[in-house]
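Structure first, then comments.
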Amino acid sequence: MRVLILCIILINTLLSQSISIHGLVCEKSTNEPIIGVNVFIEEQSIGCSTDENGYFTLVDLKAGKYEITFSHIQYEKHIVSIYLGERIEFLEVEMDKAEIKSPEIEVYGNKYAQQYTTSHIRIDKNDIDYLPVIGEPDLFRTLESYPGVTTANDWNLGLYVRGGNRDQNLILLDGMCIYSPYHLSGIFSTFDSDVIQQANMQKIICDASNGNRLSSVLNINIRDGNSDVHSGYINISMLSSKMRLEGPLPFGSYMFSIRRTYADLLANAILTVANSDWRFPYNFIDGTGKIVIKPWQRHRIELSSYISRDNYDVGTADQSDFPCYIWQNSAIGGKHIYFISPKINLINQISYSSFKAEYLPDDTTYTEYIDNELSSIQYKSYFSYSGNSFGKIRIGGEYQNIFYRLRSGGFSYQKLTIPRTEFEEISYFFDYSKKILSKIFFSIGSRYIVAQKNKTGYSPFISLSYSINPSISTNIQFSRTHQNLLTLGTEEVLLSMFDAWVAIPEDIPMMEADQGVIGLEYTGKLNLVLNLYKKNISKLIEYNTAKFSEIHPDFLSGTANSIGLELLFKKETEKYNASISYMYSKTRKKFNGESYKPKYDMPHYFTADIIYKYSEKATIGLKFIYHSGANFTRQIGTYSTGFLDYEEGFISNNNAYSDGVIYSGRNEFRLPAYHRMDINYSRKIKWYNKDFEWYINFINIYGRLNVLDYQDNEEKGETESYIQLPPMATIGIRGKLW
C-alpha cells in the first residue's frame with residue numbers, strides 16, 4: 001500500500017504542473033453539499049460536475065483571469081471571478097435556492113451532469129416530495145417511475161431491476177448496507193424522505209467501488225444538518241409522525257430524525273371506546289442521524305447511523321397465543337474524505353450493519369417459526385486521481401466480515417437450521433475513465449472478489465460513449481457481477497413480513513450475471529433516453545421451496561435471462577417537471593429443466609409523471625401507471641379418488657370424492673392489466689409566522705379494482721378475486737417549528 005501511495009503522489013507531481021481549481025459547493029441556507037452542480041468555464045469549454053460529496057475539480061489551466069459558472073436547476077446561477085496566478089486554488093462556493101420567476105424560462109442542455117443516463121438514475125428530494133404516494137413521500141415509489149425498475153404489487157415494494165430478484169440490489173445509506181429496507185411487509189420503504197439529500201441508482205454496475213450484487217446499486221445520501229442555526233421540523237401524516245432536529249456544532253453540524261407510525265395508537269383508542277376486543281397489530285419506528293465534522297479545510301468526516309424496528313403482533317390482534325413478528329435493521333458508519341490536492345482524494349469508510357428477524361411461537365410443535373440474523377463489518381478505502389490529460393483513476397479495496405445464523409420452519413415441509421457461521425469477503429477494485437477528443441468518453445474497471453476463502457469472482461466492466469453532436473450521444477456498456485448472499489423468500493410470495501438472509505453454501509459457486517446495454521441519448525428542450533439491454537444470469541441460486549424430504553437439496557442452481565427496451569422522455573422547466581417512461585421486457589428462469597416466467601415478468605410497463613408549480617405556494621403532482629398483469633399458476637381441474645370399501649374389498653366408485661388438484665404449468669396465466677392514477681396537491685402556508693406545507697394524496701382516483709390474486713372457492717364453485725389498493729385519500733402537514 002505504501003508503494004501505491006508513493007506512485008500516485010509521484011504521478012500527481014509529474015502531471016500537476018499546470019494550475020488547478022478545486023473545492024466544495026454547498027447550499028447557502030443549510031451549508032449542505034450540492035450534488036450534480038455544473039461547474040464550467042464557458043470561454044474555454046472546460047467543465048465538470050460536483051460529485052456525491054459536493055466536490056469539484058478543474059485542472060490543467062493556465063494563469064489568467066477566469067469566470068467560473070456554477071449552475072443547477074434548483075439553485076440560482078452563481079459566477080465566481082478569479083485570477084489564477086498560483087498552481088492550486090481551493091474554493092468554497094455557496095448557492096441560493098432558485099425562486100420561481102417566470103414560466104417562460106426553460107433549463108436544458110445539461111452538458112456535464114444529467115439526471116438520467118443509459119443506466120443511471122438520480123433522484124433529488126423534490127422528486128420524492130411532490131409525486132403522489134400511499135401515505136407519505138417514498139423513494140422506492142419514485143424509482144418505480146423510471147424504466148427498468150418494477151414492483152410486484154401495491155402491497156410489496158420489492159424492487160425488480162431489469163429482470164433480477166429483489167435481493168439482488170445493493171442498498172447503501174451513506175455507505176452503510178441496509179438488508180431489509182421495507183416497512184409493513186413492503187408497502188413502503190424504511191427510508192424517511194425528509195433526511196434524503198439525493199439517491200443514485202446504477203441499473204448496470206459500472207462503478208468498481210461498489211458491487212457484490214447481481215442487478216443494481218442504490219446509493220442514498222443522508223442530508224447534512226444546518227451548520228448556521230438550530231432548527232426543528234415536523235411532518236405529520238395519516239400514516240406516521242416524524243421530527244427532525246439539526247444545527248451547528250464546532251467545526252460542523254448535526255442532524256437527527258425519528259419517525260413512528262401511530263396507526264396502532266389511533267385505531268386501538270377507537271376500538272377501546274367501541275368496546276372491541278380486537279386490536280390493530282402493527283407498528284414501526286425508525287431513526288436516522290448524521291454528524292459532519294470539518295476540522296480543516298481539506299478534510300471532511302461524516303458519522304452516520306440508522307435504526308428501524310417493525311412489530312406485527314398476531315396474538316394481540318385475534319387474542320391468540322401466536323407470537324409477534326419482529327424484524328429490525330441497525331447500522332452505524334463513518335467516512336473520512338481527504339482532498340489531498342486538486343487531483344488526488346483519499347476516501348476511507350467503515351460501517352457495521354445488522355438485520356434480525358424473529359417469529360418464535362412458545363409451542364415448539366408449531367410448524368412456522370424463524371430466527372435469523374445477518375451482520376457485517378465493512379471497511380473500504382480508495383484513492384481517486386483525476387487530470388484532464390491523464391483521465392481519472394480510482395483504486396482501492398473493501399473488506400467485509402459477515403456472520404449469519406438461521407433457524408426456520410414453514411418455508412417447506414423440512415426444517416432448515418444453519419448455526420452461527422462467519423466468513424470474509426475481500427474485494428480489490430479499480431476503474432479508469434477518460435475523455436478523448438471531446439467526442440469519446442470511456443470507462444473500464446474491474447472488481448476481484450474472494451469469499452468464504454475458496455470462492456473467487458472477477459467482475460469487469462466497460463462503458464463507452466460517443467457524442468455525435470452536442471445534443472446526441474450513443475452508449476454501450478457491459479458488466480459482469482457476482483453475489484454470495486441471498487434471501488429465502490422468492491417472487492412467488494405475494495406478501496412477506498420479511499425475508500431471511502443467508503450465504504450460499506461453501507460447496508456452491510457464487511451467483512454470476514452478465515449484462516450488456518446499448519443506449520441513445522438526446523439532450524435539449526426535451527430529453528430522451530433509449531436503451532436496449534440483455535441480462536444473462538448463468539449461475540442463479542434460490543432456496544428450494546418445493547423440498548419434501550431430506551434427500552432433496554436446500555438450494556437449487558438454475559439460470560435466468562432478461563431482454564428489454566427502455567424509453568424515457570423528460571422535460572424540465574422552472575415551472576414543471578414531466579416524464580414519460582415505457583419498458584418492454586421478457587424474463588425467463590430455468591430450474592431442473594423447467595423454464596418459466598417469474599411473477600414479476602410484466603412485458604409492458606408504462607408510467608407518466610408531472611410535477612407542476614403553478615404558483616410560489618402551490619404544487620400539483622400527478623402519476624399514472626399501467627403495466628401487464630403478474631403471472632400466476634392456476635388451478636385448472638381436479639381428480640377423483642375413492643377409498644377402500646372394507647365390506648366389499650375394493651375401491652368403491654360410489655364413495656369417490658375429489659381430493660386432488662390439477663394445476664397449470666408454472667405461471668402460465670396472467671392477471672388482468674394493472675392501471676391507476678394518483679394526484680398530490682401541496683400548498684405552502686404560514687402558521688404562527690412559521691413556514692409550513694400541507695399535502696393531500698388521492699390514490700386510485702377512478703377506482704380501478706386491480707387484481708392481486710385469484711383463489712378458487714370450492715364451496716361456492718367460483719373463483720374469488722383479491723383486490724389491491726382501493727380508492728383512498730391521505731393528508732399530512734410538514735414544516736419548520738423553529
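Each chain of the C-alpha cells is named A, B, ... in the order shown, its residues numbered from 1; ligands are numbered from 1 in display order.
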Considering only strand (DSSP E or B) as DSSP defines it on the backbone, what residues of range 240-415 of chain A qualify? List them as a ChimeraX atom specification.
/A:240-249,252-261,282-293,299-313,324-339,344-359,369-387,391-409
When you look at Lys242 in chain A with a cut-off of 12 Å (counting only C-alpha atoms), what residues show up, excluding the ones that are within fewer than 6 positions of it in the same chain? I need them as an NGL selection string.
:A and (136 or 191-195 or 232-236 or 256-262 or 284-288 or 732-735)
Report as a VMD selection string: the residues of range 252-430 of chain A with a DSSP assignment of alpha helix (DSSP H), based on the backbone of this structure.
chain A and resid 263 to 273 314 to 318
Take the residues from that selection and put them in a file with C-alpha atoms, as an mmCIF file, in the first residue's frame.
```
data_model
loop_
_atom_site.group_PDB
_atom_site.id
_atom_site.type_symbol
_atom_site.label_atom_id
_atom_site.label_comp_id
_atom_site.auth_asym_id
_atom_site.auth_seq_id
_atom_site.Cartn_x
_atom_site.Cartn_y
_atom_site.Cartn_z
ATOM 1 C CA ALA A 263 -51.955 3.907 13.264
ATOM 2 C CA ASP A 264 -51.970 1.367 16.097
ATOM 3 C CA LEU A 265 -52.417 4.035 18.788
ATOM 4 C CA LEU A 266 -55.264 5.764 16.964
ATOM 5 C CA ALA A 267 -57.028 2.575 15.923
ATOM 6 C CA ASN A 268 -56.742 0.977 19.351
ATOM 7 C CA ALA A 269 -58.088 4.100 21.072
ATOM 8 C CA ILE A 270 -61.144 3.965 18.802
ATOM 9 C CA LEU A 271 -61.533 0.216 19.371
ATOM 10 C CA THR A 272 -61.369 0.712 23.144
ATOM 11 C CA VAL A 273 -64.147 3.295 23.028
ATOM 12 C CA VAL A 314 -50.669 -11.516 15.616
ATOM 13 C CA GLY A 315 -51.648 -12.649 19.111
ATOM 14 C CA THR A 316 -52.811 -9.180 20.136
ATOM 15 C CA ALA A 317 -54.951 -8.888 17.019
ATOM 16 C CA ASP A 318 -57.008 -12.049 17.490
#
```
Set the distance at 9 Å and use only C-alpha atoms: which residues neighbour range 464-475 of chain A once local chain neighbours fewer than 2 positions away are removed? I'd like the list as a list in words.
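Counting only C-alpha atoms, the residues come to Gly109, Lys111, Thr118, Ser438, Lys439, Ile440, Phe441, Phe442, Ser443, Ile444, Ile462, Gln477, Val517, Ile518, Gly519, Leu520, Glu521, Tyr522, Thr523, Gly524 and Asn531 of chain A.
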Could you give me, as a PyMOL selection string, the residues within 12 Å of Ser180 in chain A, counting only C-alpha atoms and dropping anything in the same chain fewer than 6 positions from it?
chain A and resi 157-159+166-172+186+188-191+307-310+327-331+353-357+373-375+486-487+489+496-501
Considering only C-alpha atoms, can you say which of A:Tyr312, A:Tyr146, A:Phe423, A:Tyr379 comes closest to Ala608 in chain A?
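For Ala608 in chain A, the nearest of the candidates is A:Tyr146.
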Measuring between only C-alpha atoms, which one of A:Ser628, A:Asn680, A:Ser557, A:Ser240 shows the shortest distance to Ile611 in chain A?
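Of the candidates, the smallest distance to Ile611 in chain A is held by A:Asn680.
You can rank A:Val161, A:Ile35, A:Ser386, A:Arg634 by their closest distance to Ile204 in chain A using only C-alpha atoms, and at the top of that list sits A:Val161.
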Kindly indicate which residue among A:Thr638, A:Asn275, A:Ser562, A:Ser615 lies nearest to Ser682 in chain A, using only C-alpha atoms for the distances.
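Of the candidates, the smallest distance to Ser682 in chain A is held by A:Ser615.
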Atomic distance CA of Tyr428 in chain A - CA of Phe383 in chain A, expressed in Å with one decimal
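We find that CA of Tyr428 in chain A and CA of Phe383 in chain A lie 12.4 Å from each other.
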Taking 2 positions as the minimum chain separation for residues in the same chain, which residues sit within 9 Å of Arg223 in chain A when counting only C-alpha atoms? Answer as number ranges by chain.
A: 32-33, 194-198, 221, 225, 255, 290
Find the residues near Lys534 in chain A: any atom within 6 Å, counting only C-alpha atoms, skip ones fewer than 5 places away on the same chain, and give them as an NGL selection string.
:A and (515-516 or 562-563)
Next, the residues of the selection above should be written as a short mmCIF file (atom, residue, chain, number, x, y, z; two decimals), in the first residue's frame with N, CA and C atoms.
```
data_model
loop_
_atom_site.label_atom_id
_atom_site.label_comp_id
_atom_site.auth_asym_id
_atom_site.auth_seq_id
_atom_site.Cartn_x
_atom_site.Cartn_y
_atom_site.Cartn_z
N GLN A 515 -24.40 -8.50 -18.21
CA GLN A 515 -25.39 -7.57 -18.74
C GLN A 515 -24.74 -6.66 -19.77
N GLY A 516 -25.44 -6.45 -20.87
CA GLY A 516 -25.00 -5.54 -21.90
C GLY A 516 -26.10 -4.55 -22.23
N SER A 562 -33.01 -12.01 -19.28
CA SER A 562 -33.98 -10.95 -19.48
C SER A 562 -33.51 -10.05 -20.61
N ILE A 563 -34.43 -9.65 -21.47
CA ILE A 563 -34.13 -8.69 -22.52
C ILE A 563 -35.19 -7.60 -22.45
#
```
